[in-house]
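Asker: Dropping in data_6.tsv, which is TSV, C-alpha atoms and all ligand atoms:
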chain	number	residue	atom	x	y	z
A	1	MET	CA	62.54	-62.64	25.68
A	2	ILE	CA	61.63	-64.27	28.98
A	3	LEU	CA	59.34	-62.60	31.51
A	4	ILE	CA	59.97	-63.63	35.12
A	5	LYS	CA	57.99	-62.78	38.25
A	6	LEU	CA	59.76	-63.16	41.56
A	7	GLY	CA	56.87	-63.66	43.98
A	8	GLY	CA	56.79	-61.83	47.29
A	9	SER	CA	56.61	-65.16	49.10
A	10	ILE	CA	59.99	-66.14	47.73
A	11	ILE	CA	61.92	-62.89	48.06
A	12	THR	CA	60.56	-62.05	51.53
A	13	ASN	CA	59.61	-63.89	54.65
A	14	LYS	CA	55.84	-63.45	54.64
A	15	GLU	CA	55.60	-64.41	58.34
A	16	LYS	CA	57.78	-61.51	59.42
A	17	PRO	CA	57.06	-57.88	58.42
A	18	LEU	CA	59.74	-56.15	56.40
A	19	SER	CA	62.12	-59.06	56.11
A	20	ALA	CA	63.80	-59.85	52.81
A	21	ARG	CA	65.22	-63.31	52.11
A	22	ARG	CA	68.58	-61.99	50.99
A	23	LYS	CA	70.24	-65.38	50.53
A	24	THR	CA	67.38	-66.59	48.35
A	25	ILE	CA	67.50	-63.37	46.32
A	26	ASP	CA	71.26	-63.86	45.81
A	27	ASN	CA	70.68	-67.45	44.69
A	28	LEU	CA	68.00	-66.33	42.26
A	29	ALA	CA	70.35	-63.68	40.85
A	30	LYS	CA	73.09	-66.30	40.39
A	31	SER	CA	70.72	-68.50	38.42
A	32	LEU	CA	69.41	-65.62	36.32
A	33	LYS	CA	73.01	-64.95	35.34
A	34	LYS	CA	73.01	-68.33	33.57
A	35	ILE	CA	70.15	-67.35	31.24
A	36	GLN	CA	71.53	-66.38	27.85
A	37	GLU	CA	68.44	-64.51	26.62
A	38	PRO	CA	66.90	-61.11	27.24
A	39	ILE	CA	64.91	-61.16	30.47
A	40	VAL	CA	62.47	-58.82	32.20
A	41	ILE	CA	61.92	-59.09	35.94
A	42	VAL	CA	58.78	-58.23	37.90
A	43	HIS	CA	58.76	-58.65	41.67
A	44	GLY	CA	56.04	-58.76	44.28
A	45	GLY	CA	55.52	-57.06	47.61
A	46	GLY	CA	55.58	-59.90	50.13
A	47	SER	CA	56.15	-58.74	53.68
A	48	TYR	CA	56.95	-55.21	52.46
A	49	GLY	CA	54.14	-53.91	50.21
A	50	HIS	CA	51.52	-56.38	51.42
A	51	TYR	CA	52.26	-55.79	55.06
A	52	TRP	CA	51.54	-52.04	54.74
A	53	SER	CA	48.64	-52.48	52.29
A	54	VAL	CA	46.89	-54.66	54.85
A	55	LYS	CA	47.65	-52.16	57.66
A	56	TYR	CA	46.18	-49.27	55.67
A	57	ASP	CA	43.34	-51.33	54.19
A	58	MET	CA	44.40	-50.74	50.60
A	59	HIS	CA	43.29	-52.97	47.75
A	60	THR	CA	43.35	-53.38	43.98
A	61	LYS	CA	40.09	-51.38	43.56
A	62	GLU	CA	40.57	-47.70	42.74
A	63	ARG	CA	39.53	-45.68	45.79
A	64	LYS	CA	40.46	-42.76	48.01
A	65	TYR	CA	42.80	-44.65	50.31
A	66	ASP	CA	44.68	-43.13	53.23
A	67	LEU	CA	47.43	-41.02	51.67
A	68	ARG	CA	49.79	-42.00	54.46
A	69	GLY	CA	49.29	-45.60	53.39
A	70	VAL	CA	50.01	-44.79	49.75
A	71	ALA	CA	53.26	-43.04	50.70
A	72	ILE	CA	54.35	-45.83	53.03
A	73	VAL	CA	53.50	-48.70	50.65
A	74	LYS	CA	55.44	-46.96	47.89
A	75	ASN	CA	58.40	-46.33	50.14
A	76	SER	CA	58.47	-49.95	51.29
A	77	MET	CA	58.45	-51.19	47.69
A	78	ILE	CA	61.40	-48.95	46.86
A	79	GLU	CA	63.20	-50.44	49.84
A	80	LEU	CA	62.55	-54.02	48.69
A	81	ASN	CA	63.38	-53.10	45.09
A	82	LYS	CA	66.72	-51.67	46.24
A	83	ILE	CA	67.58	-54.96	47.94
A	84	ILE	CA	66.89	-56.82	44.69
A	85	LEU	CA	68.87	-54.31	42.59
A	86	ASP	CA	71.82	-54.49	45.00
A	87	SER	CA	71.80	-58.27	44.85
A	88	PHE	CA	71.69	-58.21	41.03
A	89	LEU	CA	74.60	-55.77	40.89
A	90	LYS	CA	76.61	-57.83	43.36
A	91	ASN	CA	76.03	-60.90	41.20
A	92	LYS	CA	77.18	-59.15	38.04
A	93	LEU	CA	73.80	-58.60	36.43
A	94	ASN	CA	72.93	-55.14	35.06
A	95	PRO	CA	69.47	-54.27	36.40
A	96	TYR	CA	67.55	-51.30	35.04
A	97	CYS	CA	65.04	-50.12	37.63
A	98	LEU	CA	61.62	-49.37	36.13
A	99	PRO	CA	58.89	-48.46	38.64
A	100	PRO	CA	55.46	-49.17	37.13
A	101	THR	CA	54.76	-45.41	36.97
A	102	ASP	CA	57.20	-45.44	34.03
A	103	PHE	CA	54.84	-47.45	31.84
A	104	MET	CA	51.38	-47.17	33.42
A	105	THR	CA	48.80	-44.41	33.28
A	106	GLY	CA	45.89	-45.00	35.65
A	107	ASN	CA	45.30	-48.75	35.46
A	108	LYS	CA	46.38	-49.04	31.81
A	109	PRO	CA	49.79	-49.83	30.37
A	110	ILE	CA	51.28	-47.29	27.93
A	111	THR	CA	52.04	-49.45	24.87
A	112	LYS	CA	54.87	-47.29	23.58
A	113	LYS	CA	56.61	-47.36	26.95
A	114	VAL	CA	56.12	-51.10	27.36
A	115	LYS	CA	57.63	-51.73	23.93
A	116	GLU	CA	60.68	-49.83	25.08
A	117	ILE	CA	61.12	-52.38	27.88
A	118	GLU	CA	61.79	-55.01	25.25
A	119	LYS	CA	64.50	-52.87	23.68
A	120	ILE	CA	66.09	-52.31	27.06
A	121	SER	CA	66.17	-56.05	27.79
A	122	LYS	CA	67.59	-56.81	24.34
A	123	SER	CA	70.43	-54.39	25.00
A	124	GLY	CA	71.56	-56.64	27.85
A	125	LEU	CA	70.19	-54.53	30.68
A	126	ILE	CA	67.60	-56.27	32.85
A	127	PRO	CA	64.45	-54.19	33.35
A	128	VAL	CA	63.22	-54.70	36.93
A	129	THR	CA	59.73	-53.57	37.88
A	130	PHE	CA	57.42	-54.36	40.79
A	131	GLY	CA	53.87	-54.30	42.20
A	132	ASP	CA	53.15	-50.92	43.76
A	133	ALA	CA	50.61	-48.39	45.00
A	134	LEU	CA	49.65	-46.27	42.00
A	135	TRP	CA	47.91	-42.99	41.33
A	136	TYR	CA	44.67	-43.54	39.43
A	137	GLY	CA	43.28	-40.01	39.08
A	138	GLN	CA	40.66	-37.93	40.92
A	139	ASN	CA	42.49	-38.47	44.20
A	140	LYS	CA	42.08	-42.21	43.87
A	141	THR	CA	44.87	-44.78	44.10
A	142	PHE	CA	45.08	-48.57	43.83
A	143	ILE	CA	47.40	-51.49	44.41
A	144	LEU	CA	48.79	-52.87	41.18
A	145	SER	CA	50.03	-56.41	41.72
A	146	GLY	CA	53.11	-57.76	40.04
A	147	ASP	CA	50.92	-60.57	38.68
A	148	LYS	CA	48.76	-58.05	36.84
A	149	ILE	CA	51.92	-56.39	35.50
A	150	MET	CA	52.91	-59.83	34.11
A	151	THR	CA	49.67	-59.94	32.10
A	152	HIS	CA	50.04	-56.35	30.86
A	153	LEU	CA	53.63	-56.96	29.74
A	154	ALA	CA	52.92	-60.39	28.24
A	155	LYS	CA	50.04	-59.04	26.16
A	156	ILE	CA	52.19	-56.37	24.53
A	157	LEU	CA	55.63	-58.03	24.48
A	158	LYS	CA	54.61	-61.62	23.69
A	159	PRO	CA	57.56	-63.19	25.52
A	160	LYS	CA	58.72	-66.66	24.58
A	161	LEU	CA	57.94	-67.79	28.10
A	162	CYS	CA	56.52	-66.42	31.37
A	163	ILE	CA	57.82	-67.78	34.65
A	164	PHE	CA	56.39	-67.28	38.14
A	165	ALA	CA	58.94	-68.15	40.84
A	166	LEU	CA	57.01	-69.18	43.93
A	167	ASN	CA	57.61	-70.53	47.40
A	168	GLU	CA	55.93	-73.79	46.32
A	169	ASP	CA	56.70	-76.42	43.69
A	170	GLY	CA	53.77	-75.25	41.54
A	171	VAL	CA	50.01	-75.64	41.69
A	172	TYR	CA	48.79	-78.49	43.89
A	173	SER	CA	45.60	-80.39	43.16
A	174	ASP	CA	45.39	-81.10	46.86
A	175	LEU	CA	46.97	-78.77	49.42
A	176	LYS	CA	47.29	-81.41	52.14
A	177	SER	CA	49.16	-84.03	50.17
A	178	LYS	CA	50.83	-81.34	48.00
A	179	LYS	CA	50.10	-83.35	44.91
A	180	LEU	CA	51.54	-81.34	42.04
A	181	ILE	CA	49.60	-80.58	38.86
A	182	HIS	CA	52.20	-80.85	36.08
A	183	GLU	CA	50.20	-79.39	33.25
A	184	LEU	CA	47.09	-77.27	32.79
A	185	LYS	CA	45.46	-76.60	29.44
A	186	GLY	CA	42.90	-73.88	29.86
A	187	GLU	CA	41.15	-75.43	32.87
A	188	ARG	CA	41.20	-73.59	36.16
A	189	PRO	CA	42.11	-75.64	39.24
A	190	SER	CA	40.20	-74.94	42.45
A	191	ILE	CA	42.50	-74.09	45.32
A	192	SER	CA	41.96	-72.68	48.79
A	193	GLU	CA	42.28	-68.92	49.36
A	194	ASN	CA	45.14	-67.11	51.01
A	195	LYS	CA	43.47	-64.51	53.21
A	196	MET	CA	46.26	-62.17	54.25
A	197	ASP	CA	47.07	-61.14	50.73
A	198	VAL	CA	45.52	-57.90	49.42
A	199	THR	CA	46.04	-58.81	45.78
A	200	GLY	CA	44.62	-62.33	46.03
A	201	GLY	CA	47.62	-64.62	46.60
A	202	MET	CA	47.75	-67.85	44.63
A	203	THR	CA	44.26	-67.36	43.20
A	204	ARG	CA	45.39	-64.17	41.47
A	205	LYS	CA	48.53	-65.83	40.13
A	206	ILE	CA	46.51	-68.67	38.63
A	207	GLU	CA	44.04	-66.20	37.16
A	208	GLU	CA	46.77	-64.15	35.49
A	209	ALA	CA	48.65	-67.27	34.34
A	210	SER	CA	45.46	-68.59	32.72
A	211	LYS	CA	44.94	-65.27	30.94
A	212	ILE	CA	48.50	-65.28	29.62
A	213	SER	CA	48.32	-68.89	28.45
A	214	LYS	CA	45.04	-68.13	26.67
A	215	MET	CA	46.94	-65.47	24.72
A	216	GLY	CA	49.09	-68.35	23.44
A	217	MET	CA	52.14	-68.25	25.70
A	218	ASN	CA	53.42	-70.93	28.02
A	219	VAL	CA	53.46	-69.98	31.69
A	220	PHE	CA	55.58	-71.92	34.17
A	221	PHE	CA	55.16	-71.95	37.94
A	222	VAL	CA	58.42	-73.03	39.57
A	223	ASN	CA	59.87	-73.20	43.05
A	224	GLY	CA	62.15	-70.19	43.49
A	225	ASN	CA	63.96	-71.92	46.36
A	226	LYS	CA	65.38	-74.17	43.66
A	227	PRO	CA	66.33	-71.47	41.16
A	228	GLU	CA	68.10	-73.93	38.82
A	229	ARG	CA	64.54	-74.94	37.91
A	230	ILE	CA	64.10	-71.49	36.36
A	231	VAL	CA	67.18	-72.07	34.20
A	232	LYS	CA	65.89	-75.53	33.24
A	233	ALA	CA	62.50	-74.11	32.33
A	234	VAL	CA	64.18	-71.61	30.01
A	235	LYS	CA	66.40	-74.27	28.46
A	236	ASN	CA	63.40	-76.52	28.08
A	237	ARG	CA	65.05	-79.33	30.01
A	238	LYS	CA	63.32	-81.68	32.44
A	239	PHE	CA	60.93	-79.09	33.75
A	240	GLU	CA	59.81	-79.37	37.38
A	241	GLY	CA	56.73	-77.35	38.26
A	242	THR	CA	53.35	-76.55	36.71
A	243	VAL	CA	52.96	-75.53	33.07
A	244	PHE	CA	49.98	-73.54	31.85
A	245	ARG	CA	50.15	-74.57	28.23
A	246	GLY	CA	49.53	-71.80	25.68
A	247	LYS	CA	47.41	-72.71	22.67
B	301	LIG	C1	52.13	-56.51	45.60
B	301	LIG	O1	52.50	-57.14	44.42
B	301	LIG	C2	52.30	-55.04	45.56
B	301	LIG	C3	51.91	-54.38	46.82
B	301	LIG	C4	51.23	-54.90	47.79
B	301	LIG	C5	52.32	-53.00	46.93
B	301	LIG	P1	52.14	-58.69	44.27
B	301	LIG	O2	50.71	-58.91	44.58
B	301	LIG	O3	52.63	-59.11	42.94
B	301	LIG	O4	53.04	-59.33	45.43
B	301	LIG	P2	53.23	-60.85	45.86
B	301	LIG	O5	54.14	-61.47	44.87
B	301	LIG	O6	51.87	-61.51	45.86
B	301	LIG	O7	53.83	-60.72	47.23
Let me see whether you can do it: turn the structure in this file into structure tokens.
Ligand code: IPE

Answerer:
Amino acid sequence: MILIKLGGSIITNKEKPLSARRKTIDNLAKSLKKIQEPIVIVHGGGSYGHYWSVKYDMHTKERKYDLRGVAIVKNSMIELNKIILDSFLKNKLNPYCLPPTDFMTGNKPITKKVKEIEKISKSGLIPVTFGDALWYGQNKTFILSGDKIMTHLAKILKPKLCIFALNEDGVYSDLKSKKLIHELKGERPSISENKMDVTGGMTRKIEEASKISKMGMNVFFVNGNKPERIVKAVKNRKFEGTVFRGK
């Protein structure tokens, strides 16, 4: 099984609120069609979920956030999710929509439910989940990032490979020259922060990728604008991107 995160920066235009990059999503779907193994998809919020989370000052910490914000963030994620599902259907994939409420309780994954995701993906359906605003309990809510979902799912499902499709070639050792780091083994690169992002942008992705690789799985960061790189990563051919090598 392969676990793939479609980052918000690749499926939406982060500069423009509520704008999906439909052509890019279609191209990603076409490439995913070429993968001959069970896959599970997680997608981010980009200029949908993040846009509203910033507006309503909502974060990953469990708090009593504005209920209007919770409702609107959730609604915007459903809207973005629908665009992805429609694109998958159009490109002859069989997505199976799984909002995170289906397998999370508070901020914890429900193991039994997560294990079912594997069965669904092995049947040929493609489970599709996403970062979202979630109920925590005691009138508190929180933003669950798709990156965190990747870690929860990886821990329980132990996929053969985890892939993060980004709007960049991978992790750069230097942002100015865009010098690509090809391989990381446990060490954490220092990169500059992305401020607009409520769930922590690239820093969060690197953090979650490091956690997953420490559990023994390989994590690949690839450029989602060149979706054939995802297929190559799966087929283990001439990989272009950054690998977080599992032990
Ligand atoms: C964001 O998920 C979810 C919401 C803001 C509701 P992610 O944090 O995984 O989104 P991206 O991939 O960074 O945009």

Asker: Can you check which parts of chain A lie within 7 Å of ligand LIG 301 (chain B)? Per residue, the shortest pair of atoms and distance in Å to one decimal, counting only C-alpha atoms and all ligand atoms, sorted by chain and number, as CSV.

Answerer:
residue,atom,partner,partner_atom,distance
A:Leu6,CA,B:LIG301,O5,6.7
A:Gly7,CA,B:LIG301,O5,3.6
A:Gly8,CA,B:LIG301,O7,3.2
A:Ser9,CA,B:LIG301,O7,5.6
A:His43,CA,B:LIG301,O3,6.3
A:Gly44,CA,B:LIG301,O4,3.3
A:Gly45,CA,B:LIG301,C1,4.0
A:Gly46,CA,B:LIG301,O7,3.5
A:Gly49,CA,B:LIG301,C5,3.9
A:His50,CA,B:LIG301,C4,3.9
A:Ser53,CA,B:LIG301,C4,5.7
A:Val73,CA,B:LIG301,C5,5.8
A:Lys74,CA,B:LIG301,C5,6.9
A:Met77,CA,B:LIG301,C5,6.4
A:Phe130,CA,B:LIG301,O1,6.7
A:Gly131,CA,B:LIG301,C2,3.8
A:Asp132,CA,B:LIG301,C5,3.9
A:Ala133,CA,B:LIG301,C5,5.3
A:Ile143,CA,B:LIG301,C5,5.7
A:Leu144,CA,B:LIG301,C2,6.0
A:Ser145,CA,B:LIG301,O1,3.7
A:Gly146,CA,B:LIG301,O3,3.2
A:Asp147,CA,B:LIG301,O3,4.8
A:Asp197,CA,B:LIG301,O6,6.8
A:Val198,CA,B:LIG301,C4,6.7
A:Thr199,CA,B:LIG301,O2,4.8
A:Gly201,CA,B:LIG301,O6,5.3

Asker: Mind checking which residues fall within 9 Å of Phe103 (chain A), counting only C-alpha atoms, ignoring those fewer than 6 positions away in the same chain, and posting them as an MDAnalysis selection string?

Answerer: chainID A and resid 109:114 117

Asker: Env of region 157-174 of chain A: 6 Å cut, atoms = only C-alpha atoms, seq-sep filter 6 positions within chain, self excluded. Answer as a CSV table (one decimal) with C-alpha atoms, in the frame of the given file.

Answerer:
chain,number,residue,atom,x,y,z
A,1,MET,CA,62.5,-62.6,25.7
A,2,ILE,CA,61.6,-64.3,29.0
A,3,LEU,CA,59.3,-62.6,31.5
A,4,ILE,CA,60.0,-63.6,35.1
A,5,LYS,CA,58.0,-62.8,38.2
A,6,LEU,CA,59.8,-63.2,41.6
A,7,GLY,CA,56.9,-63.7,44.0
A,9,SER,CA,56.6,-65.2,49.1
A,10,ILE,CA,60.0,-66.1,47.7
A,180,LEU,CA,51.5,-81.3,42.0
A,181,ILE,CA,49.6,-80.6,38.9
A,218,ASN,CA,53.4,-70.9,28.0
A,219,VAL,CA,53.5,-70.0,31.7
A,220,PHE,CA,55.6,-71.9,34.2
A,221,PHE,CA,55.2,-72.0,37.9
A,222,VAL,CA,58.4,-73.0,39.6
A,223,ASN,CA,59.9,-73.2,43.0
A,224,GLY,CA,62.2,-70.2,43.5
A,241,GLY,CA,56.7,-77.4,38.3
A,242,THR,CA,53.4,-76.6,36.7

Asker: Nearest to Val70 (chain A): which of A:Arg204, A:Arg22, A:Leu134, A:Ile11 is it, counting all atoms listed in the file?

Answerer: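 Residue with the minimum atom-to-atom distance to Val70 (chain A): A:Leu134.
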
Asker: Identify which of the residues A:Ile72, A:Ile230, A:Leu184, A:Ile206 lies closest to Val243 (chain A), counting only C-alpha atoms when measuring atom-to-atom distances.

Answerer: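 Counting only C-alpha atoms, the residue closest to Val243 (chain A) is A:Leu184.
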
Asker: Restricting the calculation to only C-alpha atoms, which member of A:Thr141, A:Asn107, A:Ser177, A:Asn91 is positioned closest to Asn27 (chain A)?

Answerer: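 Distance minimum relative to Asn27 (chain A) lands on A:Asn91.
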
Asker: How many Å lie between CA of Cys97 (chain A) and CA of Lys55 (chain A), rounded to one decimal?

Answerer: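 Between CA of Cys97 (chain A) and CA of Lys55 (chain A) the gap is 26.6 Å.
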
Asker: Between A:Leu175, A:Leu125, A:Ala154, A:Val234, which is the closest to Ser210 (chain A) once you count all atoms listed in the file?

Answerer: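 Comparing A:Leu175, A:Leu125, A:Ala154, A:Val234 against Ser210 (chain A), the winner is A:Ala154.
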
Asker: Of the residues A:Thr203, A:Gln36, A:Ser213, A:Ser76, which is the one nearest to Met150 (chain A), using all atoms listed in the file?

Answerer: A:Ser213

Asker: Where atoms are missing, can you supply N, CA and C atoms for region 144-178 of chain A and output the lot as a PDB file, in the coordinates of the input?

Answerer:
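In the end it all went to part.pdb:
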ATOM      1  N   LEU A 144      48.573 -52.107  42.423  1.00  0.00           N
ATOM      2  CA  LEU A 144      48.790 -52.870  41.180  1.00  0.00           C
ATOM      3  C   LEU A 144      49.696 -54.042  41.544  1.00  0.00           C
ATOM      4  N   SER A 145      49.200 -55.245  41.363  1.00  0.00           N
ATOM      5  CA  SER A 145      50.030 -56.410  41.720  1.00  0.00           C
ATOM      6  C   SER A 145      51.031 -56.716  40.613  1.00  0.00           C
ATOM      7  N   GLY A 146      52.110 -57.330  41.007  1.00  0.00           N
ATOM      8  CA  GLY A 146      53.110 -57.760  40.040  1.00  0.00           C
ATOM      9  C   GLY A 146      52.530 -58.788  39.069  1.00  0.00           C
ATOM     10  N   ASP A 147      51.556 -59.550  39.542  1.00  0.00           N
ATOM     11  CA  ASP A 147      50.920 -60.570  38.680  1.00  0.00           C
ATOM     12  C   ASP A 147      50.175 -59.899  37.530  1.00  0.00           C
ATOM     13  N   LYS A 148      49.483 -58.815  37.865  1.00  0.00           N
ATOM     14  CA  LYS A 148      48.760 -58.050  36.840  1.00  0.00           C
ATOM     15  C   LYS A 148      49.754 -57.432  35.849  1.00  0.00           C
ATOM     16  N   ILE A 149      50.882 -56.964  36.386  1.00  0.00           N
ATOM     17  CA  ILE A 149      51.920 -56.390  35.500  1.00  0.00           C
ATOM     18  C   ILE A 149      52.370 -57.471  34.512  1.00  0.00           C
ATOM     19  N   MET A 150      52.501 -58.711  34.985  1.00  0.00           N
ATOM     20  CA  MET A 150      52.910 -59.830  34.110  1.00  0.00           C
ATOM     21  C   MET A 150      51.950 -59.917  32.914  1.00  0.00           C
ATOM     22  N   THR A 151      50.655 -59.837  33.179  1.00  0.00           N
ATOM     23  CA  THR A 151      49.670 -59.940  32.100  1.00  0.00           C
ATOM     24  C   THR A 151      49.778 -58.750  31.141  1.00  0.00           C
ATOM     25  N   HIS A 152      49.910 -57.534  31.714  1.00  0.00           N
ATOM     26  CA  HIS A 152      50.040 -56.350  30.860  1.00  0.00           C
ATOM     27  C   HIS A 152      51.263 -56.482  29.937  1.00  0.00           C
ATOM     28  N   LEU A 153      52.397 -56.869  30.524  1.00  0.00           N
ATOM     29  CA  LEU A 153      53.630 -56.960  29.740  1.00  0.00           C
ATOM     30  C   LEU A 153      53.551 -58.091  28.717  1.00  0.00           C
ATOM     31  N   ALA A 154      53.009 -59.233  29.135  1.00  0.00           N
ATOM     32  CA  ALA A 154      52.920 -60.390  28.240  1.00  0.00           C
ATOM     33  C   ALA A 154      52.071 -60.064  27.013  1.00  0.00           C
ATOM     34  N   LYS A 155      50.967 -59.368  27.247  1.00  0.00           N
ATOM     35  CA  LYS A 155      50.040 -59.040  26.160  1.00  0.00           C
ATOM     36  C   LYS A 155      50.738 -58.212  25.081  1.00  0.00           C
ATOM     37  N   ILE A 156      51.553 -57.269  25.499  1.00  0.00           N
ATOM     38  CA  ILE A 156      52.190 -56.370  24.530  1.00  0.00           C
ATOM     39  C   ILE A 156      53.517 -56.957  24.006  1.00  0.00           C
ATOM     40  N   LEU A 157      54.284 -57.596  24.878  1.00  0.00           N
ATOM     41  CA  LEU A 157      55.630 -58.030  24.480  1.00  0.00           C
ATOM     42  C   LEU A 157      55.696 -59.449  23.929  1.00  0.00           C
ATOM     43  N   LYS A 158      54.645 -60.234  24.169  1.00  0.00           N
ATOM     44  CA  LYS A 158      54.610 -61.620  23.690  1.00  0.00           C
ATOM     45  C   LYS A 158      55.929 -62.368  23.961  1.00  0.00           C
ATOM     46  N   PRO A 159      56.312 -62.489  25.206  1.00  0.00           N
ATOM     47  CA  PRO A 159      57.560 -63.190  25.520  1.00  0.00           C
ATOM     48  C   PRO A 159      57.483 -64.671  25.120  1.00  0.00           C
ATOM     49  N   LYS A 160      58.651 -65.253  24.953  1.00  0.00           N
ATOM     50  CA  LYS A 160      58.720 -66.660  24.580  1.00  0.00           C
ATOM     51  C   LYS A 160      58.143 -67.526  25.706  1.00  0.00           C
ATOM     52  N   LEU A 161      58.319 -67.014  26.917  1.00  0.00           N
ATOM     53  CA  LEU A 161      57.940 -67.790  28.100  1.00  0.00           C
ATOM     54  C   LEU A 161      57.717 -66.844  29.277  1.00  0.00           C
ATOM     55  N   CYS A 162      56.719 -67.182  30.127  1.00  0.00           N
ATOM     56  CA  CYS A 162      56.520 -66.420  31.370  1.00  0.00           C
ATOM     57  C   CYS A 162      56.752 -67.368  32.535  1.00  0.00           C
ATOM     58  N   ILE A 163      57.521 -66.913  33.497  1.00  0.00           N
ATOM     59  CA  ILE A 163      57.820 -67.780  34.650  1.00  0.00           C
ATOM     60  C   ILE A 163      57.419 -67.071  35.938  1.00  0.00           C
ATOM     61  N   PHE A 164      56.703 -67.796  36.800  1.00  0.00           N
ATOM     62  CA  PHE A 164      56.390 -67.280  38.140  1.00  0.00           C
ATOM     63  C   PHE A 164      57.218 -68.100  39.133  1.00  0.00           C
ATOM     64  N   ALA A 165      58.172 -67.449  39.811  1.00  0.00           N
ATOM     65  CA  ALA A 165      58.940 -68.150  40.840  1.00  0.00           C
ATOM     66  C   ALA A 165      58.202 -68.015  42.166  1.00  0.00           C
ATOM     67  N   LEU A 166      57.844 -69.151  42.727  1.00  0.00           N
ATOM     68  CA  LEU A 166      57.010 -69.180  43.930  1.00  0.00           C
ATOM     69  C   LEU A 166      57.735 -69.837  45.094  1.00  0.00           C
ATOM     70  N   ASN A 167      57.057 -69.849  46.238  1.00  0.00           N
ATOM     71  CA  ASN A 167      57.610 -70.530  47.400  1.00  0.00           C
ATOM     72  C   ASN A 167      57.064 -71.961  47.494  1.00  0.00           C
ATOM     73  N   GLU A 168      56.517 -72.443  46.391  1.00  0.00           N
ATOM     74  CA  GLU A 168      55.930 -73.790  46.320  1.00  0.00           C
ATOM     75  C   GLU A 168      56.440 -74.433  45.027  1.00  0.00           C
ATOM     76  N   ASP A 169      56.229 -75.738  44.906  1.00  0.00           N
ATOM     77  CA  ASP A 169      56.700 -76.420  43.690  1.00  0.00           C
ATOM     78  C   ASP A 169      55.867 -76.085  42.458  1.00  0.00           C
ATOM     79  N   GLY A 170      54.672 -75.567  42.661  1.00  0.00           N
ATOM     80  CA  GLY A 170      53.770 -75.250  41.540  1.00  0.00           C
ATOM     81  C   GLY A 170      52.355 -75.197  42.074  1.00  0.00           C
ATOM     82  N   VAL A 171      51.399 -75.601  41.238  1.00  0.00           N
ATOM     83  CA  VAL A 171      50.010 -75.640  41.690  1.00  0.00           C
ATOM     84  C   VAL A 171      49.710 -77.063  42.171  1.00  0.00           C
ATOM     85  N   TYR A 172      49.138 -77.168  43.360  1.00  0.00           N
ATOM     86  CA  TYR A 172      48.790 -78.490  43.890  1.00  0.00           C
ATOM     87  C   TYR A 172      47.315 -78.774  43.663  1.00  0.00           C
ATOM     88  N   SER A 173      47.013 -80.024  43.314  1.00  0.00           N
ATOM     89  CA  SER A 173      45.600 -80.390  43.160  1.00  0.00           C
ATOM     90  C   SER A 173      45.004 -80.580  44.546  1.00  0.00           C
ATOM     91  N   ASP A 174      45.864 -80.900  45.499  1.00  0.00           N
ATOM     92  CA  ASP A 174      45.390 -81.100  46.860  1.00  0.00           C
ATOM     93  C   ASP A 174      46.438 -80.500  47.805  1.00  0.00           C
ATOM     94  N   LEU A 175      46.005 -79.505  48.591  1.00  0.00           N
ATOM     95  CA  LEU A 175      46.970 -78.770  49.420  1.00  0.00           C
ATOM     96  C   LEU A 175      47.585 -79.638  50.521  1.00  0.00           C
ATOM     97  N   LYS A 176      46.788 -80.592  51.035  1.00  0.00           N
ATOM     98  CA  LYS A 176      47.290 -81.410  52.140  1.00  0.00           C
ATOM     99  C   LYS A 176      48.414 -82.339  51.695  1.00  0.00           C
ATOM    100  N   SER A 177      48.149 -83.062  50.615  1.00  0.00           N
ATOM    101  CA  SER A 177      49.160 -84.030  50.170  1.00  0.00           C
ATOM    102  C   SER A 177      50.203 -83.374  49.261  1.00  0.00           C
ATOM    103  N   LYS A 178      49.953 -82.083  48.902  1.00  0.00           N
ATOM    104  CA  LYS A 178      50.830 -81.340  48.000  1.00  0.00           C
ATOM    105  C   LYS A 178      51.079 -82.088  46.691  1.00  0.00           C
TER     106      LYS A 178
END
